[in-house]
Amino acid sequence: MTERPDRHPEPAPPAPRPGGIAARALGARPVPDYLVRLNPEQRLAVETTEGPVLVLAGAGTGKTRVLTTRIAHLLATGRAYPSQILAVTFTNKAAREMRHRIGDLIGPSVEGMAWLGTFHSIGVRILRRHAELVGLKSNFTVLDADDAVRLMKQLIQAEGIDEKRWPGKQLALLIDGWKNRGLTPKDVPPGEGGAFAGGKGVKLYTAYQERLKVLNACDFGDLLLETIRLFRENPDVLAEYQQRFQYMLVDEYQDTNVAQYLWLRLLAQGRRNICCVGDDDQSIYGWRGAEVDNILRFEKDFPGAVVIRLERNYRSTSHILGAASHLITHNEGRLGKTLFTDIADPEAAKVQVASSWDSEEEARAIGEEIEALQRQGHSLDEMAILVRASFQMRSFEERFIQLGLSYRVIGGPRFYERAEIRDALAYLRVVMQPADDLAFERIVNTPRRGIGETTIRLLHDHARARRIPMMAAAEELVQTSEIGAKARTALRDLVAAFARWRGRLDAVKHTELAEIILDESGYTEMWQQDRSADAPGRLDNLKELIRSMEEFESLEGFLEHIALVMDRDSADTTEAVSIMTLHSAKGLEFETVFLPGWEEGLFPSQRTLDESGRAGLEEERRLAYVGITRAKRRALIWFASNRRIHGLWQSTVPSRFLDELPEKHVDVVEQTSSYGGYNVGGIGNYGASRFDRADPFSNTYSTPGWQRAQKNRAASADKPTARPTMRVIEGELVAKSTGSASAYAIGERVFHQKFGYGTVSAIEGNKLTVDFTTGPKKVVDSFVTRG
DNA sequence: GCGGCTGGGCTTTTT
DNA sequence: GCCCAGCCGC
């Protein structure tokens, strides 16, 4: 698009009034060069420092530049100290990137920006300072999604609900949805509580929240929700932060959910210096609670807000912009922007649309296209394949392995989500916090020590009856006959080992201690003995974990960091094609972008259409828009006539989005050949592709690439295996059994589930010696009833 | 307590 | 068609 829409941003007060006192005081100082590099709209967005500002920044219009320059400007002009600026992003990656780029502008003083981070990391920071006001202790644990599901599973069991019909994961999704909308259990609309297990949704939500408090833990949603509650119930605390945050900046505002919106609005009500940057056309997270409405109603919430549109695109050719812009006009309810570029590029290729017979041929054709580009000297790093769903990645991986083409899959489980990392962290968590039951239960039988379900249930019951953590329960039970001899010895050794490791916390460097723990626990050995293909990779990951601990002062600092901030590692420097989902491509750019799988049902996704109707379709269309606008010079769209979905081959219909592309910016690659009675489309002749399968006698699965892929897949497919449990923090205080007297008396007749009837012959704290018919046993009083 | 088998179910993903 | 979880048999 080259036509410039006749739309001008509303005038805003420029910082120092020309000729005014401030301006004179500034003297004839030249415009700083960080401002000279901006276009007029960007500069307005940077210099309109006071009052609410909404920057509608289209794809590739310099959004991050505006944000970072704005911060640099606030600091350079002395409007705020680094510690008085709140800058929120959605991902750690974005936060890091921003910190880095601000650092380039202002130098080391960027270190003072204590409040640059994700919603969650800022939330946890605020919450730790005022934890007691919301019923937590400042050392509360942040549970990740996996821990939360385990907890919910347990509550579902406790309610006697059929776990198969009502899985914990589903409840987690439901509660997460409520939290995204800022709803505490009592706020959930009456109609919605029935959504789970015949009306028990809200009850379980309530129980879950209570349990979290007992565990002194928060889940991700609470980091926002509890901060909101903190602010609402403590106006003085809110006022303190409103005062502190002289200027607020929010990135990717179109992705905020209701909870984040409420959080921001509370804070912004103070100074009202809030600048939100976003693009309604790139809102693609509605399914996880993002509210485009937040961006659409900004002007209503902040009367007098200045709205600035950034429409000058610096990224893509006019064909790419034209195609994307035209496609997105099919959406209703937009704020409306039209991207344009001044860059004249007569050589630029139109957006290419091609078809293939099936997904395998699609992969072959794209593979050849990539190799052709590579031969022309294009870097693989500048090419990406963006898919709608991750199952599409497979055919590309397989093909690229055959070709020996190096690729990189972006996304998937993060480093700290891998089983071996979570296990190692669980050991460290228990050392730091013996009362961390979730961590304790995770590793109590990893590696296998013969402590099975029966023993764990005993520990569990005892812990619950005595209101103590499981570690303390273990300490007590190993002194009794409650547990079988084998398990008892194993458990006693484990408890002793933890006491030993804890004793060395101050004496040994934390990285060394971690190594000692992993060795002495037998955890490292477990993987050394494992002969499966991915075991070496896991050992590498463990080494990497220790290495990453080096950057931290202490174990404590490291653990706090890893729960919230640790990203997947990607020290991979070899040149490679990127394969990722459209969602994870947001914010990135490549010279060449391949967009396969544009078929009805897949893209737009049938499920989205079924679940969300027109709104869903529009979100899918925005996803298409995001995909096309990732391309700087070449965008190639593909669709297959046949695709295997859920194992079944289905013939498919081209995506409706194809017909929504403007003819003048698109080249349709006509079907060029046909083989054996069916059409084989594609760029050039890929017809032979169906016959160029690997020799059936050669084992393509033994190539190093394949093995690597298998290894990665196996590692990434890993789900933690430990079972759910609970944790009782205050129990720590009563963990020593000698403190409480038993309710039983010598000579009293008691009943025990396992040993039957007996007579109490001795009492030591809460431990009883009981003469059963099978002989005298030491048992804990919580295991017997009066008989 | 652990390994092997069977059946259900299957987008997108951050913190 | 494939993967994971949960169940069953040793």
# chains A, B, ... in the order shown; residues from 1 in each chain; ligands from 1
$ residues_around --residues "Val353 (chain A)" --least-positions-apart "5" --cutoff "12 Å" --atoms "only C-alpha atoms (C1' of nucleotides)" --output "JSON, numbers by chain"
{"A": [323, 594, 595, 596, 597, 598, 628, 634, 635, 636, 637, 638, 639, 640, 654, 655, 657, 658, 659, 661, 662, 663, 665, 666, 667, 668, 669, 670, 671, 681, 682, 683]}
$ closest_atom_pairs --of "chain B" --to "chain A" --cutoff "8 Å" --atoms "only C-alpha atoms (C1' of nucleotides)" --output "CSV"
residue,atom,partner,partner_atom,distance
B:DG1,C1',A:Gly452,CA,6.0
B:DC10,C1',A:His646,CA,6.8
B:DT11,C1',A:Ala389,CA,5.8
B:DT12,C1',A:His583,CA,6.4
B:DT13,C1',A:His583,CA,7.9
B:DT14,C1',A:Thr91,CA,6.6
B:DT15,C1',A:Phe220,CA,5.9
$ closest_atom_pairs --of "chain C" --to "chain A" --cutoff "12 Å" --atoms "only C-alpha atoms (C1' of nucleotides)" --output "JSON lines"
{"residue": "C:DG1", "atom": "C1'", "partner": "A:Gly647", "partner_atom": "CA", "distance": 4.2}
{"residue": "C:DC2", "atom": "C1'", "partner": "A:Gly647", "partner_atom": "CA", "distance": 8.1}
{"residue": "C:DC3", "atom": "C1'", "partner": "A:Ala717", "partner_atom": "CA", "distance": 8.9}
{"residue": "C:DC4", "atom": "C1'", "partner": "A:Lys719", "partner_atom": "CA", "distance": 9.2}
{"residue": "C:DA5", "atom": "C1'", "partner": "A:Lys164", "partner_atom": "CA", "distance": 10.5}
{"residue": "C:DG6", "atom": "C1'", "partner": "A:Lys164", "partner_atom": "CA", "distance": 9.6}
$ write_last_selection --atoms "all heavy atoms" --output "CSV table (one decimal), in the first residue's frame"
chain,number,residue,atom,x,y,z
C,1,DG,P,-2.8,-45.7,9.6
C,1,DG,OP1,-1.6,-45.9,8.7
C,1,DG,OP2,-3.1,-46.7,10.6
C,1,DG,O5',-2.7,-44.3,10.5
C,1,DG,C5',-2.0,-43.2,10.1
C,1,DG,C4',-1.0,-42.8,11.1
C,1,DG,O4',-1.6,-42.0,12.1
C,1,DG,C3',-0.2,-43.8,11.8
C,1,DG,O3',1.1,-43.3,12.1
C,1,DG,C2',-1.0,-44.0,13.1
C,1,DG,C1',-1.6,-42.7,13.4
C,1,DG,N9,-2.9,-42.7,13.8
C,1,DG,C8,-3.9,-43.6,13.5
C,1,DG,N7,-5.1,-43.3,14.1
C,1,DG,C5,-4.8,-42.2,14.8
C,1,DG,C6,-5.7,-41.4,15.6
C,1,DG,O6,-6.9,-41.6,15.9
C,1,DG,N1,-5.0,-40.3,16.2
C,1,DG,C2,-3.7,-40.0,16.0
C,1,DG,N2,-3.2,-38.9,16.6
C,1,DG,N3,-2.9,-40.7,15.2
C,1,DG,C4,-3.5,-41.8,14.7
C,2,DC,P,2.1,-43.6,13.2
C,2,DC,OP1,3.4,-43.3,12.5
C,2,DC,OP2,1.9,-44.8,14.0
C,2,DC,O5',1.7,-42.4,14.2
C,2,DC,C5',2.3,-41.1,14.3
C,2,DC,C4',2.2,-40.7,15.7
C,2,DC,O4',0.8,-40.8,16.2
C,2,DC,C3',3.0,-41.5,16.8
C,2,DC,O3',3.4,-40.6,17.7
C,2,DC,C2',2.0,-42.4,17.3
C,2,DC,C1',0.8,-41.5,17.4
C,2,DC,N1,-0.6,-42.2,17.5
C,2,DC,C2,-1.6,-41.6,18.2
C,2,DC,O2,-1.4,-40.5,18.7
C,2,DC,N3,-2.8,-42.2,18.2
C,2,DC,C4,-3.0,-43.3,17.6
C,2,DC,N4,-4.2,-43.9,17.7
C,2,DC,C5,-2.0,-44.0,16.9
C,2,DC,C6,-0.8,-43.4,16.8
C,3,DC,P,4.7,-40.8,18.6
C,3,DC,OP1,5.8,-40.4,17.8
C,3,DC,OP2,4.7,-42.2,19.1
C,3,DC,O5',4.4,-39.7,19.8
C,3,DC,C5',3.3,-38.8,19.7
C,3,DC,C4',2.6,-38.8,21.0
C,3,DC,O4',1.4,-39.6,21.0
C,3,DC,C3',3.4,-39.4,22.2
C,3,DC,O3',3.3,-38.6,23.3
C,3,DC,C2',2.7,-40.8,22.5
C,3,DC,C1',1.3,-40.4,22.1
C,3,DC,N1,0.5,-41.6,21.7
C,3,DC,C2,-0.9,-41.7,22.1
C,3,DC,O2,-1.3,-40.8,22.8
C,3,DC,N3,-1.6,-42.8,21.8
C,3,DC,C4,-1.0,-43.7,21.0
C,3,DC,N4,-1.8,-44.8,20.7
C,3,DC,C5,0.3,-43.7,20.6
C,3,DC,C6,1.0,-42.6,21.0
C,4,DC,P,4.3,-38.5,24.4
C,4,DC,OP1,5.0,-37.2,24.3
C,4,DC,OP2,5.1,-39.8,24.5
C,4,DC,O5',3.4,-38.5,25.7
C,4,DC,C5',2.2,-37.6,25.8
C,4,DC,C4',1.2,-38.3,26.5
C,4,DC,O4',0.7,-39.5,25.8
C,4,DC,C3',1.6,-38.9,27.9
C,4,DC,O3',0.9,-38.2,28.9
C,4,DC,C2',1.4,-40.4,27.8
C,4,DC,C1',0.3,-40.5,26.7
C,4,DC,N1,0.4,-41.8,26.0
C,4,DC,C2,-0.8,-42.5,25.8
C,4,DC,O2,-1.9,-42.0,26.3
C,4,DC,N3,-0.8,-43.6,25.1
C,4,DC,C4,0.4,-44.1,24.6
C,4,DC,N4,0.3,-45.2,23.9
C,4,DC,C5,1.6,-43.4,24.8
C,4,DC,C6,1.6,-42.2,25.5
C,5,DA,P,1.4,-38.3,30.4
C,5,DA,OP1,1.7,-36.9,30.7
C,5,DA,OP2,2.3,-39.4,30.6
C,5,DA,O5',0.0,-38.7,31.1
C,5,DA,C5',-1.3,-38.6,30.4
C,5,DA,C4',-2.2,-39.7,30.9
C,5,DA,O4',-2.1,-40.8,30.0
C,5,DA,C3',-2.0,-40.2,32.3
C,5,DA,O3',-3.2,-40.3,32.9
C,5,DA,C2',-1.3,-41.5,32.1
C,5,DA,C1',-1.9,-42.0,30.8
C,5,DA,N9,-1.1,-42.9,30.0
C,5,DA,C8,0.3,-42.8,29.8
C,5,DA,N7,0.8,-43.7,29.0
C,5,DA,C5,-0.3,-44.5,28.7
C,5,DA,C6,-0.5,-45.7,27.9
C,5,DA,N6,0.5,-46.3,27.2
C,5,DA,N1,-1.8,-46.2,27.8
C,5,DA,C2,-2.8,-45.6,28.4
C,5,DA,N3,-2.7,-44.5,29.2
C,5,DA,C4,-1.5,-44.0,29.3
C,6,DG,P,-3.3,-40.4,34.5
C,6,DG,OP1,-4.0,-39.2,34.9
C,6,DG,OP2,-2.0,-40.7,35.1
C,6,DG,O5',-4.3,-41.7,34.7
C,6,DG,C5',-5.2,-42.0,33.7
C,6,DG,C4',-5.4,-43.5,33.6
C,6,DG,O4',-4.3,-44.1,32.8
C,6,DG,C3',-5.3,-44.3,35.0
C,6,DG,O3',-6.3,-45.3,35.0
C,6,DG,C2',-3.9,-44.9,34.9
C,6,DG,C1',-3.8,-45.2,33.5
C,6,DG,N9,-2.4,-45.4,33.0
C,6,DG,C8,-1.3,-44.7,33.3
C,6,DG,N7,-0.2,-45.1,32.6
C,6,DG,C5,-0.7,-46.2,31.9
C,6,DG,C6,0.0,-47.1,31.0
C,6,DG,O6,1.2,-47.1,30.7
C,6,DG,N1,-0.8,-48.1,30.5
C,6,DG,C2,-2.2,-48.2,30.7
C,6,DG,N2,-2.8,-49.2,30.1
C,6,DG,N3,-2.8,-47.4,31.5
C,6,DG,C4,-2.0,-46.4,32.1
$ residues_around --residues "Arg538 (chain A)" --least-positions-apart "2" --cutoff "10 Å" --atoms "only C-alpha atoms (C1' of nucleotides)" --output "short mmCIF file (atom, residue, chain, number, x, y, z; two decimals) with N, CA and C atoms, in the first residue's frame"
data_model
loop_
_atom_site.label_atom_id
_atom_site.label_comp_id
_atom_site.auth_asym_id
_atom_site.auth_seq_id
_atom_site.Cartn_x
_atom_site.Cartn_y
_atom_site.Cartn_z
N ARG A 418 11.62 -29.46 31.38
CA ARG A 418 12.04 -30.84 31.12
C ARG A 418 12.09 -31.61 32.42
N ALA A 419 11.76 -32.88 32.31
CA ALA A 419 11.63 -33.71 33.51
C ALA A 419 12.89 -33.69 34.36
N GLU A 420 14.05 -33.84 33.72
CA GLU A 420 15.28 -33.94 34.51
C GLU A 420 15.59 -32.63 35.22
N ILE A 421 15.22 -31.53 34.58
CA ILE A 421 15.47 -30.23 35.22
C ILE A 421 14.51 -30.04 36.39
N THR A 524 22.06 -38.59 39.11
CA THR A 524 22.94 -38.59 37.93
C THR A 524 23.13 -40.03 37.44
N TRP A 527 20.48 -41.61 35.21
CA TRP A 527 20.53 -41.32 33.78
C TRP A 527 21.74 -41.94 33.11
N GLN A 528 22.82 -42.09 33.87
CA GLN A 528 23.99 -42.74 33.29
C GLN A 528 23.68 -44.18 32.94
N ALA A 533 17.86 -43.33 24.09
CA ALA A 533 18.58 -42.39 23.22
C ALA A 533 18.71 -40.99 23.83
N ASP A 534 17.77 -40.63 24.66
CA ASP A 534 17.80 -39.25 25.12
C ASP A 534 18.53 -39.05 26.45
N ALA A 535 19.01 -40.15 27.03
CA ALA A 535 19.69 -40.03 28.32
C ALA A 535 20.92 -39.10 28.29
N PRO A 536 21.78 -39.23 27.26
CA PRO A 536 22.94 -38.33 27.24
C PRO A 536 22.53 -36.86 27.19
N ASP A 540 23.42 -33.80 29.72
CA ASP A 540 23.90 -32.49 29.27
C ASP A 540 23.07 -31.37 29.88
N ASN A 541 21.77 -31.58 29.89
CA ASN A 541 20.89 -30.56 30.44
C ASN A 541 21.18 -30.31 31.91
N LEU A 542 21.48 -31.39 32.63
CA LEU A 542 21.79 -31.22 34.05
C LEU A 542 23.08 -30.41 34.22
N LYS A 543 24.05 -30.70 33.36
CA LYS A 543 25.29 -29.91 33.41
C LYS A 543 24.99 -28.44 33.12
N GLU A 544 24.14 -28.26 32.12
CA GLU A 544 23.76 -26.90 31.75
C GLU A 544 23.07 -26.18 32.92
N LYS A 711 15.92 -37.65 19.61
CA LYS A 711 16.37 -37.29 20.95
C LYS A 711 15.62 -36.05 21.43
N ALA A 715 12.98 -35.88 24.40
CA ALA A 715 13.22 -35.00 25.54
C ALA A 715 12.06 -34.04 25.71
#
$ atom_distance --atom1 "CA of Cys275 (chain A)" --atom2 "CA of Val55 (chain A)"
7.3 Å
$ atom_distance --atom1 "CA of Ser554 (chain A)" --atom2 "CA of Lys509 (chain A)"
8.1 Å
$ residues_around --residues "Leu335 (chain A)" --least-positions-apart "4" --cutoff "9 Å" --atoms "only C-alpha atoms (C1' of nucleotides)" --output "MDAnalysis selection string"
chainID A and resid 56 279:281 295:296
$ write_last_selection --atoms "all heavy atoms" --output "compact mmCIF listing (two decimals), in the first residue's frame"
# COMPACT_ATOMS: atom_id res chain seq x y z
N LEU A 56 -0.86 2.94 18.47
CA LEU A 56 -1.28 1.82 17.64
C LEU A 56 -0.19 1.59 16.62
O LEU A 56 -0.02 2.36 15.68
CB LEU A 56 -2.61 2.13 16.95
CG LEU A 56 -3.79 2.27 17.91
CD1 LEU A 56 -5.02 2.78 17.17
CD2 LEU A 56 -4.09 0.93 18.57
N ASP A 279 -1.23 -3.46 18.84
CA ASP A 279 -1.79 -3.52 17.50
C ASP A 279 -2.99 -4.46 17.55
O ASP A 279 -2.83 -5.67 17.73
CB ASP A 279 -0.74 -4.07 16.53
CG ASP A 279 -1.26 -4.16 15.10
OD1 ASP A 279 -2.44 -3.81 14.86
OD2 ASP A 279 -0.49 -4.60 14.22
N ASP A 280 -4.17 -3.89 17.43
CA ASP A 280 -5.37 -4.73 17.51
C ASP A 280 -5.38 -5.81 16.44
O ASP A 280 -5.96 -6.87 16.61
CB ASP A 280 -6.65 -3.87 17.44
CG ASP A 280 -6.65 -2.93 16.26
OD1 ASP A 280 -5.59 -2.35 15.96
OD2 ASP A 280 -7.71 -2.75 15.63
N ASP A 281 -4.70 -5.54 15.31
CA ASP A 281 -4.68 -6.54 14.24
C ASP A 281 -3.77 -7.72 14.57
O ASP A 281 -3.75 -8.71 13.85
CB ASP A 281 -4.21 -5.90 12.93
CG ASP A 281 -5.27 -4.94 12.39
OD1 ASP A 281 -6.46 -5.16 12.67
OD2 ASP A 281 -4.88 -3.99 11.69
N ILE A 295 -7.92 -2.64 24.27
CA ILE A 295 -7.31 -1.63 23.40
C ILE A 295 -8.40 -0.74 22.79
O ILE A 295 -8.23 0.46 22.63
CB ILE A 295 -6.42 -2.30 22.32
CG1 ILE A 295 -5.30 -1.37 21.86
CG2 ILE A 295 -7.20 -2.77 21.14
CD1 ILE A 295 -4.25 -2.08 21.03
N LEU A 296 -9.53 -1.38 22.51
CA LEU A 296 -10.61 -0.62 21.87
C LEU A 296 -11.22 0.40 22.82
O LEU A 296 -11.78 1.40 22.39
CB LEU A 296 -11.69 -1.57 21.33
CG LEU A 296 -11.20 -2.62 20.32
CD1 LEU A 296 -12.33 -3.58 19.94
CD2 LEU A 296 -10.65 -1.97 19.07
$ atom_distance --atom1 "CA of Val250 (chain A)" --atom2 "CA of Cys276 (chain A)"
4.7 Å
$ select_by_dssp --residues "region 275-350 of chain A" --states "strand (DSSP E)" --output "number ranges by chain"
A: 275-278, 306-310
